Structures are given as structure tokens and as C-alpha cells.
file coords.cif (mmCIF, C-alpha atoms)
data_run
#
loop_
_atom_site.group_PDB
_atom_site.id
_atom_site.type_symbol
_atom_site.label_atom_id
_atom_site.label_comp_id
_atom_site.auth_asym_id
_atom_site.auth_seq_id
_atom_site.Cartn_x
_atom_site.Cartn_y
_atom_site.Cartn_z
ATOM 1 C CA MET A 42 -42.424 18.265 -87.250
ATOM 2 C CA SER A 43 -40.492 19.412 -84.236
ATOM 3 C CA ARG A 44 -38.678 16.922 -82.019
ATOM 4 C CA ARG A 45 -40.985 17.741 -79.173
ATOM 5 C CA HIS A 46 -43.887 16.226 -81.087
ATOM 6 C CA VAL A 47 -41.957 13.061 -81.907
ATOM 7 C CA LEU A 48 -41.459 12.165 -78.281
ATOM 8 C CA PRO A 49 -44.546 10.669 -76.687
ATOM 9 C CA THR A 50 -45.758 12.927 -73.915
ATOM 10 C CA LYS A 51 -45.514 10.276 -71.251
ATOM 11 C CA ARG A 52 -41.887 9.492 -72.066
ATOM 12 C CA TRP A 53 -40.982 13.206 -72.131
ATOM 13 C CA GLN A 54 -42.513 13.683 -68.722
ATOM 14 C CA THR A 55 -40.568 10.730 -67.378
ATOM 15 C CA CYS A 56 -37.301 12.169 -68.654
ATOM 16 C CA VAL A 57 -37.692 15.580 -67.050
ATOM 17 C CA PRO A 58 -37.135 14.680 -63.424
ATOM 18 C CA THR A 59 -34.253 12.398 -64.413
ATOM 19 C CA LEU A 60 -32.498 15.171 -66.301
ATOM 20 C CA LEU A 61 -33.108 17.651 -63.511
ATOM 21 C CA SER A 62 -31.719 15.192 -60.958
ATOM 22 C CA PHE A 63 -28.683 14.603 -63.117
ATOM 23 C CA ASN A 64 -27.890 18.296 -63.328
ATOM 24 C CA ARG A 65 -28.391 18.884 -59.629
ATOM 25 C CA PRO A 66 -25.240 18.345 -57.531
ATOM 26 C CA HIS A 67 -25.447 15.621 -54.921
ATOM 27 C CA PRO A 68 -26.139 17.302 -51.555
ATOM 28 C CA HIS A 69 -22.788 16.325 -50.009
ATOM 29 C CA ARG A 70 -20.952 17.600 -53.097
ATOM 30 C CA MET A 71 -22.437 21.073 -52.844
ATOM 31 C CA SER A 72 -20.209 23.890 -51.667
ATOM 32 C CA HIS A 73 -21.190 24.461 -48.092
ATOM 33 C CA ARG A 74 -19.625 25.553 -44.828
ATOM 34 C CA TYR A 75 -19.636 23.127 -41.927
ATOM 35 C CA ALA A 76 -19.121 24.413 -38.390
ATOM 36 C CA GLY A 77 -17.367 22.403 -35.726
ATOM 37 C CA SER A 78 -16.210 22.807 -32.168
ATOM 38 C CA CYS A 79 -14.683 20.896 -29.307
ATOM 39 C CA LEU A 80 -16.737 20.012 -26.244
ATOM 40 C CA CYS A 81 -15.965 23.221 -24.319
ATOM 41 C CA GLY A 82 -16.313 25.449 -27.386
ATOM 42 C CA GLY A 83 -12.796 26.846 -26.976
ATOM 43 C CA VAL A 84 -11.730 25.479 -30.367
ATOM 44 C CA ARG A 85 -14.020 26.547 -33.204
ATOM 45 C CA PHE A 86 -13.492 25.900 -36.880
ATOM 46 C CA THR A 87 -15.217 25.984 -40.236
ATOM 47 C CA LEU A 88 -14.763 23.525 -43.093
ATOM 48 C CA LEU A 89 -15.417 24.624 -46.632
ATOM 49 C CA GLY A 90 -17.249 21.860 -48.463
ATOM 50 C CA PRO A 91 -17.753 19.736 -50.352
ATOM 51 C CA LEU A 92 -16.722 17.236 -47.707
ATOM 52 C CA ALA A 93 -15.203 13.874 -48.525
ATOM 53 C CA PRO A 94 -17.116 10.825 -47.286
ATOM 54 C CA ILE A 95 -16.442 10.005 -43.638
ATOM 55 C CA GLN A 96 -13.902 7.265 -42.890
ATOM 56 C CA VAL A 97 -14.441 4.856 -39.999
ATOM 57 C CA CYS A 98 -11.300 3.479 -38.361
ATOM 58 C CA HIS A 99 -11.387 0.387 -36.139
ATOM 59 C CA CYS A 100 -7.682 0.211 -35.181
ATOM 60 C CA SER A 101 -6.656 -0.208 -31.546
ATOM 61 C CA GLN A 102 -4.965 3.208 -31.442
ATOM 62 C CA CYS A 103 -8.180 4.942 -32.435
ATOM 63 C CA ARG A 104 -10.187 2.976 -29.880
ATOM 64 C CA GLN A 105 -7.794 4.087 -27.179
ATOM 65 C CA ALA A 106 -7.603 7.682 -28.340
ATOM 66 C CA GLN A 107 -11.347 8.178 -28.890
ATOM 67 C CA GLY A 108 -12.629 5.859 -26.181
ATOM 68 C CA GLY A 109 -15.149 4.103 -28.418
ATOM 69 C CA PRO A 110 -15.051 1.199 -30.849
ATOM 70 C CA VAL A 111 -14.297 3.495 -33.800
ATOM 71 C CA ALA A 112 -12.955 6.863 -34.864
ATOM 72 C CA THR A 113 -14.921 8.728 -37.537
ATOM 73 C CA ASN A 114 -12.754 11.043 -39.590
ATOM 74 C CA VAL A 115 -13.203 13.334 -42.534
ATOM 75 C CA PRO A 116 -10.040 14.231 -44.501
ATOM 76 C CA VAL A 117 -9.872 17.933 -45.337
ATOM 77 C CA ASN A 118 -7.271 20.011 -47.122
ATOM 78 C CA GLU A 119 -5.708 22.515 -44.737
ATOM 79 C CA ALA A 120 -6.735 25.312 -47.097
ATOM 80 C CA ALA A 121 -10.401 24.420 -46.525
ATOM 81 C CA VAL A 122 -10.117 24.664 -42.718
ATOM 82 C CA THR A 123 -10.450 27.951 -40.847
ATOM 83 C CA PHE A 124 -9.883 27.989 -37.108
ATOM 84 C CA GLU A 125 -12.024 30.867 -35.832
ATOM 85 C CA GLN A 126 -10.608 30.501 -32.348
ATOM 86 C CA GLY A 127 -8.625 28.206 -30.094
ATOM 87 C CA LEU A 128 -5.567 27.383 -32.190
ATOM 88 C CA ASP A 129 -3.560 28.097 -29.044
ATOM 89 C CA LEU A 130 -5.649 25.514 -27.153
ATOM 90 C CA LEU A 131 -4.627 22.657 -29.418
ATOM 91 C CA GLN A 132 -2.249 20.236 -27.747
ATOM 92 C CA ARG A 133 -0.352 17.999 -30.147
ATOM 93 C CA TYR A 134 0.640 14.447 -29.296
ATOM 94 C CA GLU A 135 2.729 12.204 -31.539
ATOM 95 C CA SER A 136 0.856 8.919 -31.179
ATOM 96 C CA SER A 137 3.169 7.077 -33.560
ATOM 97 C CA PRO A 138 6.188 8.211 -35.586
ATOM 98 C CA GLY A 139 5.029 10.780 -38.106
ATOM 99 C CA LYS A 140 1.447 10.904 -36.844
ATOM 100 C CA VAL A 141 0.182 13.699 -34.617
ATOM 101 C CA ARG A 142 -3.163 13.798 -32.814
ATOM 102 C CA ALA A 143 -4.371 17.249 -31.750
ATOM 103 C CA PHE A 144 -6.822 17.695 -28.870
ATOM 104 C CA CYS A 145 -8.218 20.611 -26.872
ATOM 105 C CA ARG A 146 -6.134 21.064 -23.742
ATOM 106 C CA VAL A 147 -9.157 22.424 -21.829
ATOM 107 C CA CYS A 148 -11.772 19.710 -22.472
ATOM 108 C CA GLY A 149 -9.758 16.922 -24.118
ATOM 109 C CA SER A 150 -11.865 16.607 -27.282
ATOM 110 C CA PRO A 151 -9.873 15.018 -30.098
ATOM 111 C CA VAL A 152 -9.935 17.557 -32.954
ATOM 112 C CA PHE A 153 -7.811 16.159 -35.788
ATOM 113 C CA SER A 154 -4.862 13.976 -36.694
ATOM 114 C CA GLN A 155 -2.194 14.627 -39.282
ATOM 115 C CA ARG A 156 0.417 12.415 -40.922
ATOM 116 C CA ASP A 157 3.790 13.447 -42.314
ATOM 117 C CA THR A 158 3.151 11.123 -45.244
ATOM 118 C CA VAL A 159 -0.028 13.046 -46.167
ATOM 119 C CA PRO A 160 1.075 16.673 -45.968
ATOM 120 C CA GLY A 161 -1.543 19.375 -46.101
ATOM 121 C CA VAL A 162 -4.407 17.144 -44.978
ATOM 122 C CA LEU A 163 -6.121 17.217 -41.584
ATOM 123 C CA ARG A 164 -8.302 14.286 -40.564
ATOM 124 C CA ILE A 165 -11.016 16.122 -38.674
ATOM 125 C CA ARG A 166 -13.024 14.187 -36.063
ATOM 126 C CA ALA A 167 -16.489 14.159 -37.612
ATOM 127 C CA GLY A 168 -18.254 13.966 -34.253
ATOM 128 C CA LEU A 169 -17.290 17.606 -33.675
ATOM 129 C CA LEU A 170 -19.288 18.864 -36.659
ATOM 130 C CA THR A 171 -22.568 20.633 -36.041
ATOM 131 C CA GLU A 172 -25.396 18.464 -37.336
ATOM 132 C CA PRO A 173 -26.989 17.976 -39.759
ATOM 133 C CA VAL A 174 -24.095 16.699 -41.844
ATOM 134 C CA ASP A 175 -25.422 14.803 -44.846
ATOM 135 C CA VAL A 176 -22.252 13.030 -45.926
ATOM 136 C CA PRO A 177 -22.050 9.299 -46.594
ATOM 137 C CA LEU A 178 -19.569 6.909 -45.041
ATOM 138 C CA ALA A 179 -16.571 6.018 -47.200
ATOM 139 C CA PHE A 180 -15.464 2.737 -45.646
ATOM 140 C CA HIS A 181 -14.509 0.846 -42.516
ATOM 141 C CA ALA A 182 -10.724 0.425 -42.202
ATOM 142 C CA TYR A 183 -8.710 -1.943 -39.989
ATOM 143 C CA VAL A 184 -11.726 -4.191 -39.503
ATOM 144 C CA ALA A 185 -9.358 -7.116 -38.771
ATOM 145 C CA SER A 186 -8.585 -5.500 -35.420
ATOM 146 C CA LYS A 187 -12.076 -4.211 -34.656
ATOM 147 C CA ALA A 188 -13.722 -4.521 -31.262
ATOM 148 C CA GLY A 189 -15.699 -7.755 -31.169
ATOM 149 C CA TRP A 190 -18.360 -6.143 -29.030
ATOM 150 C CA TRP A 191 -19.643 -3.653 -31.581
ATOM 151 C CA PRO A 192 -21.515 -4.814 -34.703
ATOM 152 C CA ILE A 193 -21.155 -2.716 -37.852
ATOM 153 C CA GLY A 194 -24.644 -1.615 -38.844
ATOM 154 C CA ASP A 195 -24.168 -0.169 -42.338
ATOM 155 C CA GLY A 196 -23.189 -1.427 -45.767
ATOM 156 C CA ALA A 197 -20.065 0.676 -46.366
ATOM 157 C CA PRO A 198 -17.065 -1.296 -47.722
ATOM 158 C CA GLN A 199 -14.925 -3.017 -45.107
ATOM 159 C CA TYR A 200 -11.159 -3.480 -45.339
ATOM 160 C CA PRO A 201 -9.097 -5.682 -42.975
ATOM 161 C CA GLU A 202 -6.242 -3.174 -42.926
ATOM 162 C CA ALA A 203 -5.903 0.291 -44.443
ATOM 163 C CA ALA A 204 -8.265 1.211 -47.258
ATOM 164 C CA PRO A 205 -6.808 0.635 -50.736
ATOM 165 C CA SER A 206 -6.532 4.349 -51.462
ATOM 166 C CA PRO A 207 -4.413 6.461 -49.103
ATOM 167 C CA PRO A 208 -6.683 6.799 -46.062
ATOM 168 C CA GLY A 209 -5.704 10.403 -45.437
ATOM 169 C CA ALA A 210 -5.939 11.470 -49.049
ATOM 170 C CA ALA A 211 -8.043 14.473 -49.826
ATOM 171 C CA PRO A 212 -11.024 14.052 -52.140
ATOM 172 C CA MET B 183 -18.721 -11.701 -18.783
ATOM 173 C CA THR B 184 -14.978 -11.684 -19.319
ATOM 174 C CA ASP B 185 -12.444 -12.074 -16.560
ATOM 175 C CA ALA B 186 -11.347 -9.052 -14.578
ATOM 176 C CA SER B 187 -8.508 -7.208 -16.248
ATOM 177 C CA PRO B 188 -5.310 -8.978 -15.063
ATOM 178 C CA GLU B 189 -3.163 -6.161 -16.424
ATOM 179 C CA PRO B 190 -3.737 -2.447 -16.007
ATOM 180 C CA VAL B 191 -5.176 -0.555 -18.959
ATOM 181 C CA HIS B 192 -3.450 2.633 -20.016
ATOM 182 C CA CYS B 193 -4.146 5.898 -21.714
ATOM 183 C CA HIS B 194 -2.418 6.122 -25.071
ATOM 184 C CA CYS B 195 0.889 7.498 -23.779
ATOM 185 C CA GLY B 196 0.889 5.263 -20.710
ATOM 186 C CA ALA B 197 1.040 8.073 -18.136
ATOM 187 C CA VAL B 198 -2.282 7.019 -16.560
ATOM 188 C CA ALA B 199 -3.269 3.442 -15.769
ATOM 189 C CA LEU B 200 -6.502 1.881 -14.523
ATOM 190 C CA ARG B 201 -6.804 -1.464 -12.796
ATOM 191 C CA LEU B 202 -10.245 -3.021 -12.623
ATOM 192 C CA ALA B 203 -10.970 -5.360 -9.746
ATOM 193 C CA VAL B 204 -13.949 -6.915 -11.538
ATOM 194 C CA ALA B 205 -14.821 -7.801 -15.089
ATOM 195 C CA PRO B 206 -16.240 -4.920 -17.149
ATOM 196 C CA ARG B 207 -20.006 -4.758 -17.437
ATOM 197 C CA ALA B 208 -21.800 -4.601 -20.775
ATOM 198 C CA PRO B 209 -21.397 -1.155 -22.357
ATOM 199 C CA ILE B 210 -23.973 1.198 -23.840
ATOM 200 C CA ASN B 211 -23.564 3.563 -26.789
ATOM 201 C CA CYS B 212 -24.671 7.163 -26.409
ATOM 202 C CA HIS B 213 -25.285 9.314 -29.510
ATOM 203 C CA CYS B 214 -26.070 12.616 -27.765
ATOM 204 C CA ARG B 215 -24.299 15.789 -28.871
ATOM 205 C CA LEU B 216 -22.173 15.901 -25.758
ATOM 206 C CA CYS B 217 -20.917 12.356 -26.315
ATOM 207 C CA ARG B 218 -20.149 13.074 -29.978
ATOM 208 C CA HIS B 219 -18.076 16.096 -29.043
ATOM 209 C CA LEU B 220 -16.493 14.252 -26.142
ATOM 210 C CA SER B 221 -15.092 11.521 -28.372
ATOM 211 C CA GLY B 222 -14.952 13.223 -31.752
ATOM 212 C CA ALA B 223 -16.687 10.121 -33.068
ATOM 213 C CA ALA B 224 -20.290 9.337 -33.920
ATOM 214 C CA PHE B 225 -20.989 8.186 -30.364
ATOM 215 C CA THR B 226 -19.334 7.296 -27.055
ATOM 216 C CA THR B 227 -19.334 3.771 -25.626
ATOM 217 C CA TRP B 228 -19.626 3.691 -21.855
ATOM 218 C CA VAL B 229 -18.888 0.972 -19.311
ATOM 219 C CA THR B 230 -19.821 1.746 -15.735
ATOM 220 C CA ALA B 231 -17.827 0.604 -12.718
ATOM 221 C CA LYS B 232 -17.991 1.326 -9.027
ATOM 222 C CA ALA B 233 -15.236 3.727 -8.007
ATOM 223 C CA THR B 234 -14.152 1.173 -5.425
ATOM 224 C CA GLU B 235 -13.553 -1.354 -8.223
ATOM 225 C CA VAL B 236 -11.110 0.881 -10.093
ATOM 226 C CA ALA B 237 -7.597 1.850 -9.023
ATOM 227 C CA VAL B 238 -6.077 4.828 -10.825
ATOM 228 C CA ASP B 239 -2.315 5.286 -11.181
ATOM 229 C CA GLY B 240 -0.847 8.545 -12.454
ATOM 230 C CA GLU B 241 -3.731 10.782 -11.388
ATOM 231 C CA CYS B 242 -1.341 13.745 -11.456
ATOM 232 C CA HIS B 243 -1.412 13.485 -15.261
ATOM 233 C CA LEU B 244 -5.193 13.937 -15.411
ATOM 234 C CA THR B 245 -6.966 17.169 -16.311
ATOM 235 C CA ALA B 246 -10.584 17.671 -15.231
ATOM 236 C CA TYR B 247 -13.216 19.379 -17.356
ATOM 237 C CA HIS B 248 -16.859 19.965 -16.379
ATOM 238 C CA PRO B 249 -19.145 19.790 -19.460
ATOM 239 C CA THR B 250 -22.104 20.459 -17.142
ATOM 240 C CA ASP B 251 -22.393 21.241 -13.443
ATOM 241 C CA LYS B 252 -22.972 17.530 -12.798
ATOM 242 C CA LEU B 253 -20.310 15.937 -14.999
ATOM 243 C CA GLU B 254 -16.552 15.786 -14.571
ATOM 244 C CA ARG B 255 -14.533 14.421 -17.472
ATOM 245 C CA LEU B 256 -10.941 13.406 -16.777
ATOM 246 C CA PHE B 257 -8.401 13.053 -19.539
ATOM 247 C CA CYS B 258 -4.647 12.658 -19.836
ATOM 248 C CA LYS B 259 -3.050 16.048 -20.318
ATOM 249 C CA ARG B 260 -0.210 14.509 -22.370
ATOM 250 C CA CYS B 261 -2.093 12.425 -24.932
ATOM 251 C CA GLY B 262 -5.692 13.605 -24.505
ATOM 252 C CA THR B 263 -7.122 10.142 -23.867
ATOM 253 C CA HIS B 264 -10.425 10.314 -22.031
ATOM 254 C CA VAL B 265 -9.878 8.085 -18.975
ATOM 255 C CA PHE B 266 -13.137 8.329 -17.016
ATOM 256 C CA THR B 267 -16.090 10.559 -16.190
ATOM 257 C CA LYS B 268 -17.863 11.165 -12.888
ATOM 258 C CA ASP B 269 -21.547 12.090 -12.622
ATOM 259 C CA LYS B 270 -22.881 13.747 -9.459
ATOM 260 C CA ARG B 271 -26.236 12.054 -10.130
ATOM 261 C CA HIS B 272 -24.516 8.677 -9.688
ATOM 262 C CA PRO B 273 -22.055 9.073 -6.819
ATOM 263 C CA GLY B 274 -19.516 6.303 -6.448
ATOM 264 C CA VAL B 275 -19.855 5.277 -10.107
ATOM 265 C CA LEU B 276 -17.313 5.910 -12.878
ATOM 266 C CA GLY B 277 -18.094 5.962 -16.579
ATOM 267 C CA LEU B 278 -15.211 4.407 -18.512
ATOM 268 C CA PRO B 279 -14.855 4.776 -22.286
ATOM 269 C CA ALA B 280 -14.947 1.186 -23.506
ATOM 270 C CA GLY B 281 -12.286 1.729 -26.167
ATOM 271 C CA LEU B 282 -9.770 2.401 -23.433
ATOM 272 C CA LEU B 283 -10.232 -1.089 -22.014
ATOM 273 C CA ASP B 284 -8.796 -2.596 -25.196
ATOM 274 C CA ASP B 285 -10.844 -5.675 -24.432
ATOM 275 C CA LEU B 286 -11.973 -7.200 -27.687
ATOM 276 C CA ASN B 287 -14.304 -9.580 -25.876
ATOM 277 C CA LEU B 288 -16.509 -7.209 -23.953
ATOM 278 C CA GLN B 289 -20.176 -8.098 -23.987
ATOM 279 C CA PRO B 290 -22.072 -6.427 -26.831
ATOM 280 C CA PRO B 291 -23.590 -3.064 -25.929
ATOM 281 C CA GLN B 292 -26.979 -3.285 -24.239
ATOM 282 C CA GLY B 293 -28.347 -0.649 -26.533
ATOM 283 C CA GLU B 294 -27.981 2.573 -28.468
ATOM 284 C CA TYR B 295 -29.226 5.657 -26.581
ATOM 285 C CA PHE B 296 -30.163 9.188 -27.715
ATOM 286 C CA VAL B 297 -30.579 7.776 -31.220
ATOM 287 C CA SER B 298 -32.982 10.632 -32.076
ATOM 288 C CA ASP B 299 -29.989 12.972 -31.695
ATOM 289 C CA LYS B 300 -27.506 10.839 -33.619
ATOM 290 C CA ALA B 301 -25.267 11.980 -36.452
ATOM 291 C CA ARG B 302 -27.169 11.565 -39.725
ATOM 292 C CA TRP B 303 -24.194 9.924 -41.384
ATOM 293 C CA PHE B 304 -23.929 7.022 -38.970
ATOM 294 C CA THR B 305 -26.005 3.852 -38.672
ATOM 295 C CA PRO B 306 -26.235 2.321 -35.186
ATOM 296 C CA GLY B 307 -24.913 -1.196 -34.676
ATOM 297 C CA ARG B 308 -26.961 -3.922 -36.329
ATOM 298 C CA GLY B 309 -29.519 -5.580 -34.081
ATOM 299 C CA LEU B 310 -29.003 -3.431 -31.006
ATOM 300 C CA PRO B 311 -32.076 -2.052 -29.232
ATOM 301 C CA CYS B 312 -32.465 1.679 -29.877
ATOM 302 C CA PHE B 313 -33.696 4.349 -27.492
ATOM 303 C CA GLY B 314 -34.337 8.041 -28.109
ATOM 304 C CA GLY B 315 -37.064 10.643 -27.977
ATOM 305 C CA SER B 316 -36.851 13.724 -25.808
ATOM 306 C CA SER B 317 -35.405 11.793 -22.875
ATOM 307 C CA GLY B 318 -33.009 9.742 -24.991
ATOM 308 C CA PHE B 319 -34.233 6.617 -23.217
ATOM 309 C CA GLU B 320 -37.612 5.942 -24.854
ATOM 310 C CA PRO B 321 -37.720 2.636 -26.777
ATOM 311 C CA LEU B 322 -37.637 3.133 -30.543
ATOM 312 C CA ASP B 323 -38.345 0.745 -33.373
ATOM 313 C CA ALA B 324 -35.057 -0.685 -34.651
#
call {"tool": "encode", "arguments": {"input": "coords.cif", "output": "C-alpha cells"}}
result
Amino acid sequence: MSRRHVLPTKRWQTCVPTLLSFNRPHPHRMSHRYAGSCLCGGVRFTLLGPLAPIQVCHCSQCRQAQGGPVATNVPVNEAAVTFEQGLDLLQRYESSPGKVRAFCRVCGSPVFSQRDTVPGVLRIRAGLLTEPVDVPLAFHAYVASKAGWWPIGDGAPQYPEAAPSPPGAAP
Amino acid sequence: MTDASPEPVHCHCGAVALRLAVAPRAPINCHCRLCRHLSGAAFTTWVTAKATEVAVDGECHLTAYHPTDKLERLFCKRCGTHVFTKDKRHPGVLGLPAGLLDDLNLQPPQGEYFVSDKARWFTPGRGLPCFGGSSGFEPLDA
């Protein structure tokens, strides 16, 4: 008797979608290109997926630099970033020793930050990506210094200081 | 409402300073595309103030950009910090990015706006009233 006849039909049917789901890559892990641009459109770039989960930073520097309660960043290897135009529009500002924030000199959009201690990785500002971007949140970092006036609304892990793994590390 | 800012607030590099004559009002969060691209984050948090309530030092360090024919966004040309935005539809009013105020005790935002346009990967703040639809201001179920 073949194995197919040993398995009860109902159980076999139940297994099929599970196996298919298992073999199918998670949507945010699929290879995909994500477009992004600054507010004026002068800086345009493409990220080659899969993207790492998006990191939310609550530190006071990010509040000041982004103007909101949080910065939302996605770490990307430099090799996966292509600037189609506007590299010459990027103004770099060293916000703390060894950390550079790059913004568009025409419209002021923050584009990415980069740390000397994490070479080869750009932390792209996720708000610049063309939606839809189906990527989960990784964590909330520096929650100990978060703005008291904004309540976190999701269940991503929260860390009082930096996340346990290097926050700028590539996936 | 918190006390008026006794000390000026600065852009990140300190070239531009704002002094508020009154306490900041409660902010709102806006999730529209323009606000996402403006801040690079999932949304922008706005506090409004009358222009007469805000003194600006270091205006020579500001660069103006017009995202639309009605909006003027001013940011520090050295560090890129968004300092304020003017809207021709609301003359005499400035929109200040709340993160710049560095006031941890601002009132909670009054609501989340343009939620129908929000980034899929972000959940609005817990318990805040949500607005969206085609206008961005229609009440939505939380």
C-alpha cells in the first residue's frame, strides 16, 4: 500500500497548505527593489531587498534631527543601495563623533546616517520609501529617553538604551 | 499645559534657535506622504504657534523649500534640522516639529491624521483618535 493511502485524507489536506506556506518565503524576505526619494525628488535611490526589519529610535538626537518623537531606520549594506540621482545634493553633518547624518540640501529631508563603527552600512530613513513596504518593526531603542507625549502603539521589543545587537548591523 | 520654554530651543548644530513666548500647544501626528518624506520617519508631529509667539535667532542659517505652492519648509542648512513650516492657508501661524522642542512633557497628541495613507509598517500611538479617508480628517475607528 502506498504511503498516500496510509494518511487519512483529511490530515493530508490539512498538511498541504502548511507545507506550501513553509516553502514560501516570508514577503519581507523576498528579493525585491524598494524605491525611495527625498521630499523634493532630487535624491532618488533604490534598495535591493530583502530589507531588514525597521528600527525605531527614541533618542533625543533623533527627535531633534527628524522633528518627531522617533526616527524609523532600516539598515542596508552599501552594496544594496543605488543612488539613481542626487548624490551631489547630499549634505553630510557629523552629529556626534563618528556619526554622520546625510540630508538633501534642497529640501532638507534626512536620507541616511552612517557610523564609523559600522562600516559599509547606511541607516536609511524608512519614511522616504515608496509605500507599500511590508516590513515588520525590529524594536524600539533608547526608550528610557523617549518623549513622554507619544505612546508606543505596537508590540515590538523595547530597550531602554541601544538594542542588544549592534543597532546598525546589517541583516 | 507646560510652562513656556524658559530657554531657547535649537536645531541640532545650534546655529538656529527658537524662543517660544507661550507654552506649546498639544501636537498632532500626520501620516501623509509629504510628512513622511519631510521627516524621513513614519509621520511628522506638529505643534502650531502664532508667529508672534516665536522669536527666531540665526535666520541666516535657514534654507527655504516649497513642497507645494502653499507650504514653505525652513531647515538649517548646516545640520538639516527642520525648524518650522509656514502655510499660506494659515497666515500668521507656524508649524513646529515637536521633536525640536525637546520637551518631554508636552501634552499627548490630539490625534493621528491621514492614517489611511500611513506607512504599513507602523502602528499609530495607542489610544489616540485616528482620522483619515480622502480628506485625511474623517474620523476612523481606532
call {"tool": "interface_residues", "arguments": {"input": "coords.cif", "of": "chain B", "to": "chain A", "cutoff": "7 Å", "atoms": "only C-alpha atoms", "output": "compact mmCIF listing (two decimals) with C-alpha atoms, in the frame of the given file"}}
result
# COMPACT_ATOMS: atom_id res chain seq x y z
CA CYS B 193 -4.15 5.90 -21.71
CA HIS B 194 -2.42 6.12 -25.07
CA LEU B 216 -22.17 15.90 -25.76
CA ARG B 218 -20.15 13.07 -29.98
CA HIS B 219 -18.08 16.10 -29.04
CA LEU B 220 -16.49 14.25 -26.14
CA SER B 221 -15.09 11.52 -28.37
CA GLY B 222 -14.95 13.22 -31.75
CA ALA B 223 -16.69 10.12 -33.07
CA ALA B 224 -20.29 9.34 -33.92
CA THR B 226 -19.33 7.30 -27.06
CA THR B 227 -19.33 3.77 -25.63
CA TYR B 247 -13.22 19.38 -17.36
CA PRO B 249 -19.14 19.79 -19.46
CA PHE B 257 -8.40 13.05 -19.54
CA LYS B 259 -3.05 16.05 -20.32
CA ARG B 260 -0.21 14.51 -22.37
CA CYS B 261 -2.09 12.42 -24.93
CA GLY B 262 -5.69 13.60 -24.50
CA THR B 263 -7.12 10.14 -23.87
CA HIS B 264 -10.42 10.31 -22.03
CA PRO B 279 -14.86 4.78 -22.29
CA ALA B 280 -14.95 1.19 -23.51
CA GLY B 281 -12.29 1.73 -26.17
CA LEU B 282 -9.77 2.40 -23.43
CA LEU B 286 -11.97 -7.20 -27.69
CA ASN B 287 -14.30 -9.58 -25.88
CA LEU B 288 -16.51 -7.21 -23.95
CA GLN B 289 -20.18 -8.10 -23.99
CA PRO B 290 -22.07 -6.43 -26.83
CA PRO B 291 -23.59 -3.06 -25.93
CA ALA B 301 -25.27 11.98 -36.45
CA ARG B 302 -27.17 11.56 -39.72
CA TRP B 303 -24.19 9.92 -41.38
CA THR B 305 -26.00 3.85 -38.67
CA PRO B 306 -26.24 2.32 -35.19
CA GLY B 307 -24.91 -1.20 -34.68
CA ARG B 308 -26.96 -3.92 -36.33
call {"tool": "atom_distance", "arguments": {"input": "coords.cif", "atom1": "atom CA of Arg201 of chain B", "atom2": "atom CA of Val238 of chain B"}}
result
6.6 Å
call {"tool": "resolve_selection", "arguments": {"input": "coords.cif", "expression": "the PyMOL selection byres ((chain B and resi 274) around 9)", "output": "list of chain:residue names"}}
result
B:Ala231, B:Lys232, B:Ala233, B:Thr234, B:Lys268, B:Asp269, B:Lys270, B:His272, B:Pro273, B:Val275, B:Leu276
call {"tool": "axis_aligned_box", "arguments": {"input": "coords.cif", "around": "segment 230-239 of chain B", "padding_each_side": "5 Å", "output": "JSON"}}
result
{"center_x": -11.1, "center_y": 2.0, "center_z": -10.6, "size_x": 27.5, "size_y": 16.6, "size_z": 20.3}
call {"tool": "residues_around", "arguments": {"input": "coords.cif", "residues": "segment 197-201 of chain A", "least_positions_apart": "5", "cutoff": "6 Å", "atoms": "only C-alpha atoms", "output": "VMD selection string"}}
result
chain A and resid 180 to 185
call {"tool": "closest_residue", "arguments": {"input": "coords.cif", "among": "B:Lys252, B:His243, B:His213, B:Lys300", "to": "Val265 of chain B", "atoms": "all atoms listed in the file"}}
result
B:His243
call {"tool": "closest_residue", "arguments": {"input": "coords.cif", "among": "B:Leu278, B:Cys258, B:Tyr295, B:Leu322", "to": "Ala246 of chain B", "atoms": "all atoms listed in the file"}}
result
B:Cys258
call {"tool": "atom_distance", "arguments": {"input": "coords.cif", "atom1": "atom CA of Leu310 of chain B", "atom2": "atom CA of Cys212 of chain B"}}
result
12.3 Å
call {"tool": "atom_distance", "arguments": {"input": "coords.cif", "atom1": "atom CA of Val115 of chain A", "atom2": "atom CA of Gly318 of chain B"}}
result
26.7 Å
call {"tool": "resolve_selection", "arguments": {"input": "coords.cif", "expression": "the PyMOL selection byres ((chain A and resi 116-119) around 10)", "output": "PyMOL selection string"}}
result
chain A and resi 88-96+114-115+120-123+153-155+160-167+208-212
call {"tool": "write_last_selection", "arguments": {"input": "coords.cif", "atoms": "C-alpha atoms", "output": "short mmCIF file (atom, residue, chain, number, x, y, z; two decimals), in the coordinates of the input"}}
result
data_model
loop_
_atom_site.label_atom_id
_atom_site.label_comp_id
_atom_site.auth_asym_id
_atom_site.auth_seq_id
_atom_site.Cartn_x
_atom_site.Cartn_y
_atom_site.Cartn_z
CA LEU A 88 -14.76 23.52 -43.09
CA LEU A 89 -15.42 24.62 -46.63
CA GLY A 90 -17.25 21.86 -48.46
CA PRO A 91 -17.75 19.74 -50.35
CA LEU A 92 -16.72 17.24 -47.71
CA ALA A 93 -15.20 13.87 -48.52
CA PRO A 94 -17.12 10.82 -47.29
CA ILE A 95 -16.44 10.01 -43.64
CA GLN A 96 -13.90 7.26 -42.89
CA ASN A 114 -12.75 11.04 -39.59
CA VAL A 115 -13.20 13.33 -42.53
CA ALA A 120 -6.74 25.31 -47.10
CA ALA A 121 -10.40 24.42 -46.52
CA VAL A 122 -10.12 24.66 -42.72
CA THR A 123 -10.45 27.95 -40.85
CA PHE A 153 -7.81 16.16 -35.79
CA SER A 154 -4.86 13.98 -36.69
CA GLN A 155 -2.19 14.63 -39.28
CA PRO A 160 1.08 16.67 -45.97
CA GLY A 161 -1.54 19.38 -46.10
CA VAL A 162 -4.41 17.14 -44.98
CA LEU A 163 -6.12 17.22 -41.58
CA ARG A 164 -8.30 14.29 -40.56
CA ILE A 165 -11.02 16.12 -38.67
CA ARG A 166 -13.02 14.19 -36.06
CA ALA A 167 -16.49 14.16 -37.61
CA PRO A 208 -6.68 6.80 -46.06
CA GLY A 209 -5.70 10.40 -45.44
CA ALA A 210 -5.94 11.47 -49.05
CA ALA A 211 -8.04 14.47 -49.83
CA PRO A 212 -11.02 14.05 -52.14
#
